[in-house]
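S.K.: Next comes data.tsv, TSV, C-alpha atoms:
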```tsv
chain	number	residue	atom	x	y	z
A	740	MET	CA	66.10	35.89	33.77
A	741	GLN	CA	69.14	33.67	33.67
A	742	SER	CA	68.89	30.89	31.09
A	743	ARG	CA	69.36	27.29	32.14
A	744	LYS	CA	71.86	25.00	30.49
A	745	TYR	CA	71.31	21.29	30.24
A	746	ASP	CA	73.93	18.57	29.93
A	747	ALA	CA	72.86	15.78	27.57
A	748	ARG	CA	74.67	13.14	29.63
A	749	ARG	CA	72.89	14.25	32.82
A	750	VAL	CA	69.52	14.11	31.03
A	751	SER	CA	70.33	10.64	29.68
A	752	SER	CA	71.37	9.45	33.12
A	753	PHE	CA	68.21	10.92	34.68
A	754	TRP	CA	65.83	9.18	32.27
A	755	THR	CA	67.73	5.91	32.49
A	756	SER	CA	67.50	5.93	36.28
A	757	ARG	CA	63.82	6.98	36.35
A	758	GLN	CA	62.51	4.80	33.54
A	759	GLY	CA	64.98	1.93	33.51
A	760	ARG	CA	65.16	2.32	29.76
A	761	ASP	CA	67.56	3.69	27.21
A	762	PRO	CA	66.76	7.27	26.11
A	763	GLU	CA	66.55	6.12	22.47
A	764	SER	CA	63.77	3.66	23.29
A	765	ILE	CA	61.88	6.45	25.06
A	766	ILE	CA	62.13	8.62	21.97
A	767	LEU	CA	60.94	5.76	19.74
A	768	SER	CA	57.99	5.00	22.04
A	769	ALA	CA	56.98	8.64	21.83
A	770	LYS	CA	56.58	8.52	18.06
A	771	PRO	CA	52.91	7.41	18.06
A	772	ARG	CA	52.10	10.24	20.45
A	773	ALA	CA	53.95	12.68	18.24
A	774	LEU	CA	52.06	11.44	15.19
A	775	LEU	CA	48.75	11.87	17.03
A	776	CYS	CA	49.68	15.42	18.01
A	777	ALA	CA	50.64	16.18	14.44
A	778	ALA	CA	47.31	14.81	13.21
A	779	LEU	CA	45.38	16.90	15.72
A	780	PHE	CA	47.38	19.95	14.72
A	781	ALA	CA	46.59	19.29	11.07
A	782	LEU	CA	42.89	19.08	11.88
A	783	GLY	CA	43.16	22.37	13.69
A	784	VAL	CA	44.77	23.96	10.69
A	785	ILE	CA	41.99	22.64	8.46
A	786	GLY	CA	39.41	24.13	10.79
A	787	VAL	CA	41.09	27.50	10.63
A	788	GLU	CA	41.12	27.38	6.83
A	789	HIS	CA	37.33	26.82	6.47
A	790	PRO	CA	36.37	30.52	6.60
A	791	ALA	CA	39.03	31.38	4.05
A	792	ARG	CA	37.70	28.74	1.68
A	793	ALA	CA	34.16	30.04	2.18
A	794	GLN	CA	35.31	33.53	1.26
A	795	ASN	CA	36.69	32.19	-2.04
A	796	TYR	CA	33.59	30.06	-2.70
A	797	PRO	CA	32.63	29.11	-5.34
A	798	GLN	CA	35.63	28.27	-7.48
A	799	LYS	CA	33.83	26.01	-9.97
A	800	PRO	CA	30.28	25.45	-11.33
A	801	ILE	CA	27.56	24.32	-8.92
A	802	ARG	CA	25.11	21.49	-9.66
A	803	LEU	CA	21.45	22.11	-8.82
A	804	ILE	CA	19.62	18.79	-8.73
A	805	VAL	CA	15.91	19.00	-9.58
A	806	GLY	CA	13.78	15.97	-8.72
A	807	VAL	CA	11.36	16.29	-11.65
A	808	PRO	CA	11.72	16.03	-15.44
A	809	PRO	CA	12.14	19.22	-17.50
A	810	GLY	CA	9.01	21.34	-17.89
A	811	GLY	CA	6.46	22.40	-15.30
A	812	THR	CA	6.60	25.03	-12.58
A	813	THR	CA	9.33	23.38	-10.49
A	814	ASP	CA	11.72	23.18	-13.43
A	815	VAL	CA	10.91	26.78	-14.45
A	816	VAL	CA	11.64	28.02	-10.91
A	817	ALA	CA	14.93	26.11	-10.89
A	818	ARG	CA	16.13	27.60	-14.16
A	819	LEU	CA	15.08	31.16	-13.38
A	820	VAL	CA	16.76	31.18	-9.96
A	821	SER	CA	19.87	29.24	-11.02
A	822	GLN	CA	20.66	31.66	-13.83
A	823	LYS	CA	20.39	34.69	-11.56
A	824	LEU	CA	22.23	33.00	-8.69
A	825	GLY	CA	25.08	32.09	-11.02
A	826	GLU	CA	25.42	35.75	-11.98
A	827	GLN	CA	25.54	36.70	-8.29
A	828	LEU	CA	28.16	34.08	-7.41
A	829	GLY	CA	30.31	34.48	-10.51
A	830	GLN	CA	30.04	30.78	-11.32
A	831	GLN	CA	27.52	28.87	-13.40
A	832	VAL	CA	24.74	27.03	-11.55
A	833	VAL	CA	23.87	24.04	-13.74
A	834	VAL	CA	20.39	22.50	-13.49
A	835	GLU	CA	20.40	18.70	-13.56
A	836	ASN	CA	17.01	16.95	-13.72
A	837	ARG	CA	16.83	13.65	-11.82
A	838	GLY	CA	13.15	12.74	-11.89
A	839	GLY	CA	11.47	9.71	-10.36
A	840	ALA	CA	9.88	8.41	-7.14
A	841	GLY	CA	8.28	11.73	-6.33
A	842	GLY	CA	11.65	13.48	-6.28
A	843	ASN	CA	13.30	10.92	-3.99
A	844	ILE	CA	15.88	9.89	-6.59
A	845	GLY	CA	17.23	13.42	-6.98
A	846	ALA	CA	17.14	14.09	-3.25
A	847	GLU	CA	19.15	10.93	-2.55
A	848	VAL	CA	21.86	12.08	-4.98
A	849	VAL	CA	22.29	15.29	-2.96
A	850	ALA	CA	22.06	13.57	0.44
A	851	LYS	CA	25.04	11.38	-0.53
A	852	ALA	CA	27.06	14.13	-2.26
A	853	PRO	CA	30.20	15.67	-0.69
A	854	PRO	CA	29.21	18.55	1.63
A	855	ASP	CA	31.36	21.07	-0.23
A	856	GLY	CA	28.66	23.45	-1.50
A	857	TYR	CA	28.90	22.30	-5.10
A	858	THR	CA	25.80	20.07	-5.13
A	859	LEU	CA	22.44	21.59	-4.15
A	860	PHE	CA	18.85	20.38	-4.23
A	861	LEU	CA	15.68	22.20	-5.25
A	862	ALA	CA	13.43	21.01	-2.43
A	863	THR	CA	9.64	20.80	-2.76
A	864	ILE	CA	6.79	20.23	-0.33
A	865	GLY	CA	6.20	16.78	-1.79
A	866	THR	CA	9.72	15.39	-1.71
A	867	MET	CA	10.83	16.76	1.63
A	868	THR	CA	7.72	16.88	3.84
A	869	ILE	CA	5.07	14.60	2.28
A	870	ASN	CA	7.11	11.67	0.95
A	871	PRO	CA	8.66	10.75	4.33
A	872	SER	CA	5.17	9.77	5.57
A	873	LEU	CA	3.86	8.58	2.21
A	874	TYR	CA	6.53	6.08	1.12
A	875	ARG	CA	7.10	2.91	3.12
A	876	LYS	CA	10.86	3.18	2.59
A	877	MET	CA	12.82	6.41	2.19
A	878	PRO	CA	16.43	6.73	0.98
A	879	PHE	CA	17.08	9.83	3.10
A	880	ASP	CA	16.01	11.70	6.23
A	881	THR	CA	14.84	15.27	5.61
A	882	LEU	CA	16.15	16.74	8.86
A	883	ARG	CA	19.28	14.61	9.27
A	884	ASP	CA	20.72	14.44	5.75
A	885	PHE	CA	20.29	18.03	4.55
A	886	ALA	CA	21.31	21.56	5.52
A	887	ALA	CA	18.65	24.21	4.89
A	888	ILE	CA	19.68	27.27	2.87
A	889	SER	CA	16.54	29.26	2.05
A	890	GLN	CA	12.94	28.97	1.01
A	891	LEU	CA	12.37	30.31	-2.51
A	892	THR	CA	8.67	30.32	-3.31
A	893	SER	CA	5.15	30.11	-1.99
A	894	MET	CA	2.35	29.02	-4.33
A	895	PRO	CA	-1.33	28.87	-3.40
A	896	GLN	CA	-3.79	26.29	-4.59
A	897	LEU	CA	-7.32	27.26	-5.54
A	898	LEU	CA	-10.43	25.35	-4.45
A	899	VAL	CA	-12.74	25.22	-7.47
A	900	VAL	CA	-16.08	23.47	-8.02
A	901	HIS	CA	-18.06	22.54	-11.10
A	902	PRO	CA	-21.10	24.78	-11.74
A	903	SER	CA	-23.37	21.76	-11.17
A	904	VAL	CA	-22.49	21.97	-7.46
A	905	PRO	CA	-24.86	24.71	-6.17
A	906	VAL	CA	-22.47	26.53	-3.83
A	907	LYS	CA	-20.77	29.92	-3.91
A	908	THR	CA	-18.73	29.88	-0.70
A	909	VAL	CA	-16.62	27.49	1.37
A	910	LYS	CA	-19.24	27.47	4.13
A	911	GLU	CA	-21.92	26.50	1.63
A	912	LEU	CA	-19.72	23.69	0.30
A	913	ILE	CA	-19.16	22.28	3.79
A	914	ALA	CA	-22.88	22.37	4.56
A	915	TYR	CA	-23.70	20.78	1.19
A	916	ALA	CA	-21.13	17.99	1.74
A	917	LYS	CA	-22.36	17.27	5.28
A	918	ASN	CA	-25.88	16.67	3.95
A	919	ARG	CA	-24.51	14.31	1.26
A	920	PRO	CA	-21.81	12.13	2.86
A	921	GLY	CA	-19.78	10.24	0.27
A	922	GLN	CA	-21.62	11.80	-2.68
A	923	LEU	CA	-19.13	14.54	-3.56
A	924	ASN	CA	-15.80	13.60	-5.10
A	925	PHE	CA	-12.63	15.59	-5.57
A	926	ALA	CA	-9.97	15.09	-8.23
A	927	SER	CA	-6.19	15.23	-8.01
A	928	GLY	CA	-3.18	14.56	-10.20
A	929	GLY	CA	-2.25	11.49	-8.15
A	930	SER	CA	-2.34	9.93	-4.69
A	931	GLY	CA	-0.02	11.64	-2.24
A	932	THR	CA	0.39	14.83	-4.26
A	933	ALA	CA	0.05	18.17	-2.51
A	934	ILE	CA	-3.23	18.72	-4.39
A	935	HIS	CA	-4.61	15.42	-3.09
A	936	LEU	CA	-3.54	16.11	0.48
A	937	ALA	CA	-5.03	19.60	0.38
A	938	GLY	CA	-8.36	17.83	-0.09
A	939	GLU	CA	-7.63	15.35	2.70
A	940	LEU	CA	-6.78	18.18	5.09
A	941	PHE	CA	-10.01	19.93	4.09
A	942	LYS	CA	-12.01	16.75	4.79
A	943	THR	CA	-10.47	16.39	8.24
A	944	MET	CA	-10.86	20.00	9.32
A	945	ALA	CA	-14.38	20.39	7.90
A	946	ASN	CA	-15.41	16.91	9.08
A	947	VAL	CA	-16.96	15.98	5.75
A	948	ASP	CA	-16.95	12.75	3.76
A	949	MET	CA	-15.78	13.20	0.16
A	950	VAL	CA	-14.32	10.62	-2.21
A	951	HIS	CA	-10.85	11.14	-3.70
A	952	ILE	CA	-10.42	10.36	-7.41
A	953	ALA	CA	-6.75	10.07	-8.43
A	954	TYR	CA	-5.70	10.80	-12.00
A	955	LYS	CA	-2.36	10.39	-13.75
A	956	GLY	CA	-1.54	14.08	-13.77
A	957	GLY	CA	-3.31	17.36	-13.14
A	958	GLY	CA	-4.28	17.79	-16.81
A	959	PRO	CA	-6.62	14.77	-17.02
A	960	ALA	CA	-8.07	15.66	-13.61
A	961	MET	CA	-8.93	19.18	-14.77
A	962	ILE	CA	-10.51	17.87	-17.98
A	963	ASP	CA	-12.90	15.67	-16.00
A	964	LEU	CA	-13.69	18.51	-13.59
A	965	LEU	CA	-14.58	20.79	-16.49
A	966	GLY	CA	-16.75	18.01	-17.91
A	967	GLY	CA	-18.58	17.52	-14.63
A	968	GLN	CA	-17.35	13.95	-14.03
A	969	VAL	CA	-15.99	15.13	-10.65
A	970	SER	CA	-17.35	17.75	-8.27
A	971	LEU	CA	-14.37	19.78	-7.17
A	972	MET	CA	-10.60	20.06	-7.10
A	973	PHE	CA	-7.72	21.80	-5.40
A	974	ASP	CA	-5.40	22.97	-8.18
A	975	GLN	CA	-2.51	25.35	-8.74
A	976	ILE	CA	-3.95	28.83	-9.02
A	977	LEU	CA	-2.20	29.53	-12.32
A	978	THR	CA	-3.92	26.64	-14.10
A	979	ALA	CA	-7.31	26.92	-12.37
A	980	LEU	CA	-7.83	30.69	-12.55
A	981	PRO	CA	-8.38	30.96	-16.34
A	982	HIS	CA	-11.31	28.52	-16.06
A	983	VAL	CA	-12.78	30.67	-13.28
A	984	GLN	CA	-12.43	33.78	-15.39
A	985	ASN	CA	-14.22	31.99	-18.27
A	986	ALA	CA	-17.05	31.03	-15.86
A	987	LYS	CA	-16.42	27.33	-16.41
A	988	LEU	CA	-15.58	26.81	-12.72
A	989	GLN	CA	-16.54	28.51	-9.46
A	990	ALA	CA	-13.66	29.60	-7.19
A	991	LEU	CA	-14.33	29.28	-3.45
A	992	GLY	CA	-11.00	30.00	-1.74
A	993	VAL	CA	-7.22	29.92	-1.85
A	994	THR	CA	-5.29	27.53	0.36
A	995	THR	CA	-2.57	29.85	1.68
A	996	GLU	CA	-2.68	31.88	4.89
A	997	LYS	CA	-2.87	35.15	2.92
A	998	ARG	CA	-4.80	36.05	-0.19
A	999	SER	CA	-2.97	35.61	-3.47
A	1000	PRO	CA	-1.81	38.68	-5.43
A	1001	ALA	CA	-2.94	36.79	-8.54
A	1002	ALA	CA	-6.56	36.85	-7.31
A	1003	PRO	CA	-6.90	39.20	-4.32
A	1004	GLN	CA	-10.70	39.13	-4.53
A	1005	ILE	CA	-10.83	35.43	-3.61
A	1006	PRO	CA	-10.78	34.81	0.16
A	1007	THR	CA	-8.58	32.27	1.88
A	1008	ILE	CA	-10.21	29.05	3.04
A	1009	SER	CA	-9.02	29.93	6.53
A	1010	GLU	CA	-10.84	33.26	6.65
A	1011	ALA	CA	-13.89	31.95	4.80
A	1012	ALA	CA	-14.68	28.94	6.98
A	1013	LEU	CA	-11.79	26.94	8.44
A	1014	PRO	CA	-9.44	28.99	10.66
A	1015	GLY	CA	-5.91	27.60	10.51
A	1016	TYR	CA	-6.35	25.80	7.21
A	1017	ALA	CA	-3.20	26.32	5.13
A	1018	VAL	CA	-1.58	24.47	2.26
A	1019	THR	CA	1.34	26.15	0.57
A	1020	THR	CA	3.19	24.61	-2.34
A	1021	TRP	CA	6.79	25.74	-1.98
A	1022	HIS	CA	10.35	25.39	-3.22
A	1023	GLY	CA	13.65	25.87	-1.40
A	1024	PHE	CA	17.39	25.26	-1.54
A	1025	LEU	CA	19.10	22.48	0.41
A	1026	ALA	CA	22.70	21.28	0.63
A	1027	PRO	CA	24.11	18.02	2.01
A	1028	ALA	CA	24.35	17.88	5.79
A	1029	GLY	CA	27.78	18.95	7.03
A	1030	THR	CA	28.20	21.76	4.50
A	1031	SER	CA	30.18	24.65	6.00
A	1032	LYS	CA	28.00	27.22	7.78
A	1033	ASP	CA	29.94	29.94	5.98
A	1034	VAL	CA	29.01	28.46	2.61
A	1035	ILE	CA	25.38	28.09	3.71
A	1036	SER	CA	25.32	31.73	4.85
A	1037	ARG	CA	26.82	32.90	1.55
A	1038	LEU	CA	24.28	30.95	-0.49
A	1039	SER	CA	21.40	32.17	1.67
A	1040	ALA	CA	22.45	35.81	1.36
A	1041	GLU	CA	22.92	35.61	-2.41
A	1042	THR	CA	19.59	33.81	-2.82
A	1043	ALA	CA	17.84	36.63	-0.93
A	1044	LYS	CA	19.33	39.13	-3.38
A	1045	VAL	CA	18.10	37.05	-6.32
A	1046	LEU	CA	14.54	36.94	-4.97
A	1047	GLN	CA	14.52	40.70	-4.43
A	1048	SER	CA	15.36	41.46	-8.05
A	1049	ALA	CA	12.57	43.00	-10.10
A	1050	ASP	CA	12.95	40.68	-13.08
A	1051	ILE	CA	12.67	37.53	-10.95
A	1052	ARG	CA	9.56	38.87	-9.22
A	1053	GLU	CA	8.00	39.70	-12.57
A	1054	ARG	CA	8.76	36.32	-14.07
A	1055	PHE	CA	7.59	34.50	-10.93
A	1056	ALA	CA	4.31	36.40	-11.05
A	1057	ALA	CA	3.76	35.11	-14.57
A	1058	GLN	CA	3.99	31.59	-13.12
A	1059	GLY	CA	1.64	32.33	-10.22
A	1060	VAL	CA	4.59	32.13	-7.81
A	1061	ASP	CA	5.35	34.40	-4.86
A	1062	PRO	CA	9.08	34.84	-3.99
A	1063	ILE	CA	9.74	34.00	-0.33
A	1064	SER	CA	13.26	34.18	1.10
A	1065	SER	CA	14.16	32.99	4.59
A	1066	THR	CA	17.11	32.32	6.83
A	1067	PRO	CA	18.45	28.75	7.01
A	1068	GLU	CA	17.00	28.48	10.52
A	1069	GLN	CA	13.54	29.63	9.41
A	1070	PHE	CA	13.51	27.22	6.47
A	1071	ALA	CA	14.59	24.29	8.66
A	1072	ALA	CA	11.88	25.10	11.22
A	1073	MET	CA	9.25	25.34	8.48
A	1074	MET	CA	10.17	21.92	7.07
A	1075	LYS	CA	10.04	20.37	10.53
A	1076	SER	CA	6.55	21.80	11.09
A	1077	GLU	CA	5.37	20.63	7.65
A	1078	LEU	CA	6.69	17.11	8.26
A	1079	GLU	CA	4.54	16.80	11.36
A	1080	LYS	CA	1.44	18.28	9.73
A	1081	TRP	CA	1.51	16.00	6.72
A	1082	ARG	CA	2.33	12.97	8.84
A	1083	LYS	CA	-1.03	13.40	10.58
A	1084	VAL	CA	-2.95	14.08	7.35
A	1085	ILE	CA	-1.47	11.05	5.57
A	1086	ALA	CA	-2.12	8.80	8.57
A	1087	ALA	CA	-5.76	9.91	8.59
A	1088	SER	CA	-6.13	9.34	4.84
A	1089	GLY	CA	-4.53	5.89	4.94
A	1090	THR	CA	-2.49	6.68	1.81
A	1091	LYS	CA	0.77	4.75	1.34
A	1092	LEU	CA	3.13	4.22	-1.60
A	1093	ASP	CA	5.82	1.57	-2.10
```
Translate this structure into structure tokens?
M.R.:
Amino acid sequence: MQSRKYDARRVSSFWTSRQGRDPESIILSAKPRALLCAALFALGVIGVEHPARAQNYPQKPIRLIVGVPPGGTTDVVARLVSQKLGEQLGQQVVVENRGGAGGNIGAEVVAKAPPDGYTLFLATIGTMTINPSLYRKMPFDTLRDFAAISQLTSMPQLLVVHPSVPVKTVKELIAYAKNRPGQLNFASGGSGTAIHLAGELFKTMANVDMVHIAYKGGGPAMIDLLGGQVSLMFDQILTALPHVQNAKLQALGVTTEKRSPAAPQIPTISEAALPGYAVTTWHGFLAPAGTSKDVISRLSAETAKVLQSADIRERFAAQGVDPISSTPEQFAAMMKSELEKWRKVIAASGTKLD
């Protein structure tokens, strides 16, 4: 093809005649457009670079915010998983405890953090799916402000009764409670806790009237249950089971959909009397909304490897914890379902916190 040659004077004359303006003014007026194009091009380049950055991720330590003080199962889970995850990623994962307001303070820190994959949150059933319906004001939105990475754990609660209550099964308890409306009471470590709401869900599904007694912590609640000051309690299986084994309490059922490996002889409440009843205390990893999908995928894949390791499974078992990995999509769907379930339970119970 023959190349075309252009004469600058002919071009200048053409633009002057067509636009009625000097060519220089046309060039100057085009500068904003050129700057816009350059900006759009730069954004395109940044978009192209995201996968490359994800491949090199992480290049510095990662903060794992935990919404409870040190000590307790949640903190233990955080430290066990963070250490192993850091080994997998080749960078340290540093646990930072930000307790207060049922975990809301720590969650808010992560919700407002840069979405670069270097600030994560150890999510719990209480903070992410109970608090939004429990507190009158929330500093974050579970589904809008976070990106799901993976579920980590599943922990059953155990329904236990004092020996003074003459029942051996869940069906017998329901029948006993129906004949004595308002006479049975159940303890918890505080209003709005997962242990409290397990009892409220039981009341609703069994259609029984029991009185909730809130204590400042699970320890004092268990002491009064052992002393017979309260009738029954939903408690973490790890803390309740030793009292069952010592014949100080009677175990009726576990709250999860499947029987617990820690006590396979104890039926689930669902199979024993209330089909569909399920309360699972869980943990999971979240990142700020807007975090690169490549970074989320990397973290999810490495977390799955951590949870498959024999030493983590062994150490989780000692805490009464079952390792449960999931895809980001599965974890997000689970949280959405839990939000709706606990919204209904809390509305029925009338429980609210400021």
S.K.: Residues near region 990-999 of chain A, anyone? I mean within 6 Å using only C-alpha atoms, not counting same-chain ones fewer than 5 positions away, as a ChimeraX atom specification.
M.R.: /A:895-899,908-909,1005-1008,1017-1019
S.K.: Closest to Phe860 (chain A) among A:Glu1077, A:Ala1001, A:Gly928, A:Phe1024, using all atoms listed in the file?
M.R.: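 For Phe860 (chain A), the nearest of the candidates is A:Phe1024.
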S.K.: Pick the closest to Met1073 (chain A) from A:Ala887, A:Val816, A:Leu940, A:Leu824: which is it, counting only C-alpha atoms?
M.R.: A:Ala887
S.K.: Skipping near chain neighbours, those fewer than 3 positions away, what residues fall within 7 Å of Ala933 (chain A) using only C-alpha atoms, listed as a list in words?
M.R.: Gly865, Leu936 and Ala937 of chain A
S.K.: Check the smallest atom-to-atom distance from each of A:Gln1069, A:Gln890, A:Ser1088, A:Gln975 to Val820 (chain A) using all atoms listed in the file, then report the winner.
M.R.: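 Ranked by minimum distance to Val820 (chain A), first place goes to A:Gln890.
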S.K.: When you look at Met949 (chain A) with a cut-off of 8 Å (counting only C-alpha atoms), what residues show up, excluding the ones that are within fewer than 6 positions of it in the same chain? I need them as a PyMOL selection string.
M.R.: chain A and resi 916+920-925+942
S.K.: For Phe885 (chain A), which residue among A:Glu911, A:Glu1010, A:Glu847, A:Glu1041 is the nearest when counting all atoms listed in the file?
M.R.: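 Using all atoms listed in the file, the shortest distance to Phe885 (chain A) belongs to A:Glu847.
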S.K.: Using only C-alpha atoms, which of the listed residues (A:Met1074, A:Ile804, A:Ala926, A:Leu873) sits closest to Asp1093 (chain A)?
M.R.: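 Among the listed residues, the smallest separation from Asp1093 (chain A) belongs to A:Leu873.
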S.K.: Please, what is the axis-aligned box for every listed atom of region 927-944 of chain A with 4 Å on each side, as centre and edge lengths in Å to one decimal, as JSON?
M.R.:
```
{"center_x": -5.8, "center_y": 15.0, "center_z": -0.4, "size_x": 20.4, "size_y": 18.1, "size_z": 27.5}
```
S.K.: Report, in Å with one decimal, the straight-line distance from CA of Thr812 (chain A) to CA of Gln1058 (chain A).
M.R.: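 CA of Thr812 (chain A) sits 7.1 Å away from CA of Gln1058 (chain A).
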S.K.: Record the distance separating CA of Arg837 (chain A) and CA of Val849 (chain A), expressed in Å with one decimal.
M.R.: 10.5 Å
S.K.: One decimal, in Å: what's the spacing between CA of Asp948 (chain A) and CA of Ser970 (chain A)?
M.R.: 13.0 Å
S.K.: As a ChimeraX atom specification, please: the residues near Met894 (chain A) (cut-off 7 Å, only C-alpha atoms, same-chain neighbours under 3 positions excluded).
M.R.: /A:1019-1021,1059-1061
S.K.: Can you pull out every residue within 12 Å of region 960-964 of chain A, counting only C-alpha atoms, but drop anything in the same chain fewer than 2 positions away, and send it as a short mmCIF file (atom, residue, chain, number, x, y, z; two decimals) with C-alpha atoms, in the frame of the given file?
M.R.:
```
data_model
loop_
_atom_site.label_atom_id
_atom_site.label_comp_id
_atom_site.auth_asym_id
_atom_site.auth_seq_id
_atom_site.Cartn_x
_atom_site.Cartn_y
_atom_site.Cartn_z
CA LEU A 898 -10.43 25.35 -4.45
CA VAL A 899 -12.74 25.22 -7.47
CA VAL A 900 -16.08 23.47 -8.02
CA HIS A 901 -18.06 22.54 -11.10
CA PRO A 902 -21.10 24.78 -11.74
CA SER A 903 -23.37 21.76 -11.17
CA VAL A 904 -22.49 21.97 -7.46
CA ASN A 924 -15.80 13.60 -5.10
CA PHE A 925 -12.63 15.59 -5.57
CA ALA A 926 -9.97 15.09 -8.23
CA SER A 927 -6.19 15.23 -8.01
CA GLY A 928 -3.18 14.56 -10.20
CA GLY A 929 -2.25 11.49 -8.15
CA ILE A 934 -3.23 18.72 -4.39
CA HIS A 935 -4.61 15.42 -3.09
CA HIS A 951 -10.85 11.14 -3.70
CA ILE A 952 -10.42 10.36 -7.41
CA ALA A 953 -6.75 10.07 -8.43
CA TYR A 954 -5.70 10.80 -12.00
CA LYS A 955 -2.36 10.39 -13.75
CA GLY A 956 -1.54 14.08 -13.77
CA GLY A 957 -3.31 17.36 -13.14
CA GLY A 958 -4.28 17.79 -16.81
CA GLY A 966 -16.75 18.01 -17.91
CA GLY A 967 -18.58 17.52 -14.63
CA GLN A 968 -17.35 13.95 -14.03
CA VAL A 969 -15.99 15.13 -10.65
CA SER A 970 -17.35 17.75 -8.27
CA LEU A 971 -14.37 19.78 -7.17
CA MET A 972 -10.60 20.06 -7.10
CA PHE A 973 -7.72 21.80 -5.40
CA ASP A 974 -5.40 22.97 -8.18
CA GLN A 975 -2.51 25.35 -8.74
CA THR A 978 -3.92 26.64 -14.10
CA ALA A 979 -7.31 26.92 -12.37
CA LEU A 980 -7.83 30.69 -12.55
CA PRO A 981 -8.38 30.96 -16.34
CA HIS A 982 -11.31 28.52 -16.06
CA LYS A 987 -16.42 27.33 -16.41
CA LEU A 988 -15.58 26.81 -12.72
CA GLN A 989 -16.54 28.51 -9.46
#
```
S.K.: Residues proximal to (18.9, 40.5, -0.7) were defined as those with any atom within 12 Å of that point in the file's coordinates, counting only C-alpha atoms. Which are they, as a list in words?
M.R.: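 Every polymer residue passing the test: Leu824, Gln827, Ser889, Arg1037, Leu1038, Ser1039, Ala1040, Glu1041, Thr1042, Ala1043, Lys1044, Val1045, Leu1046, Gln1047, Ser1048, Ala1049, Pro1062, Ile1063, Ser1064, Ser1065 and Thr1066 of chain A.
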S.K.: From the list A:Gln831, A:Leu1092, A:Pro1000, A:Tyr1016, which residue is nearest Ala1057 (chain A) when using only C-alpha atoms?
M.R.: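 Comparing A:Gln831, A:Leu1092, A:Pro1000, A:Tyr1016 against Ala1057 (chain A), the winner is A:Pro1000.
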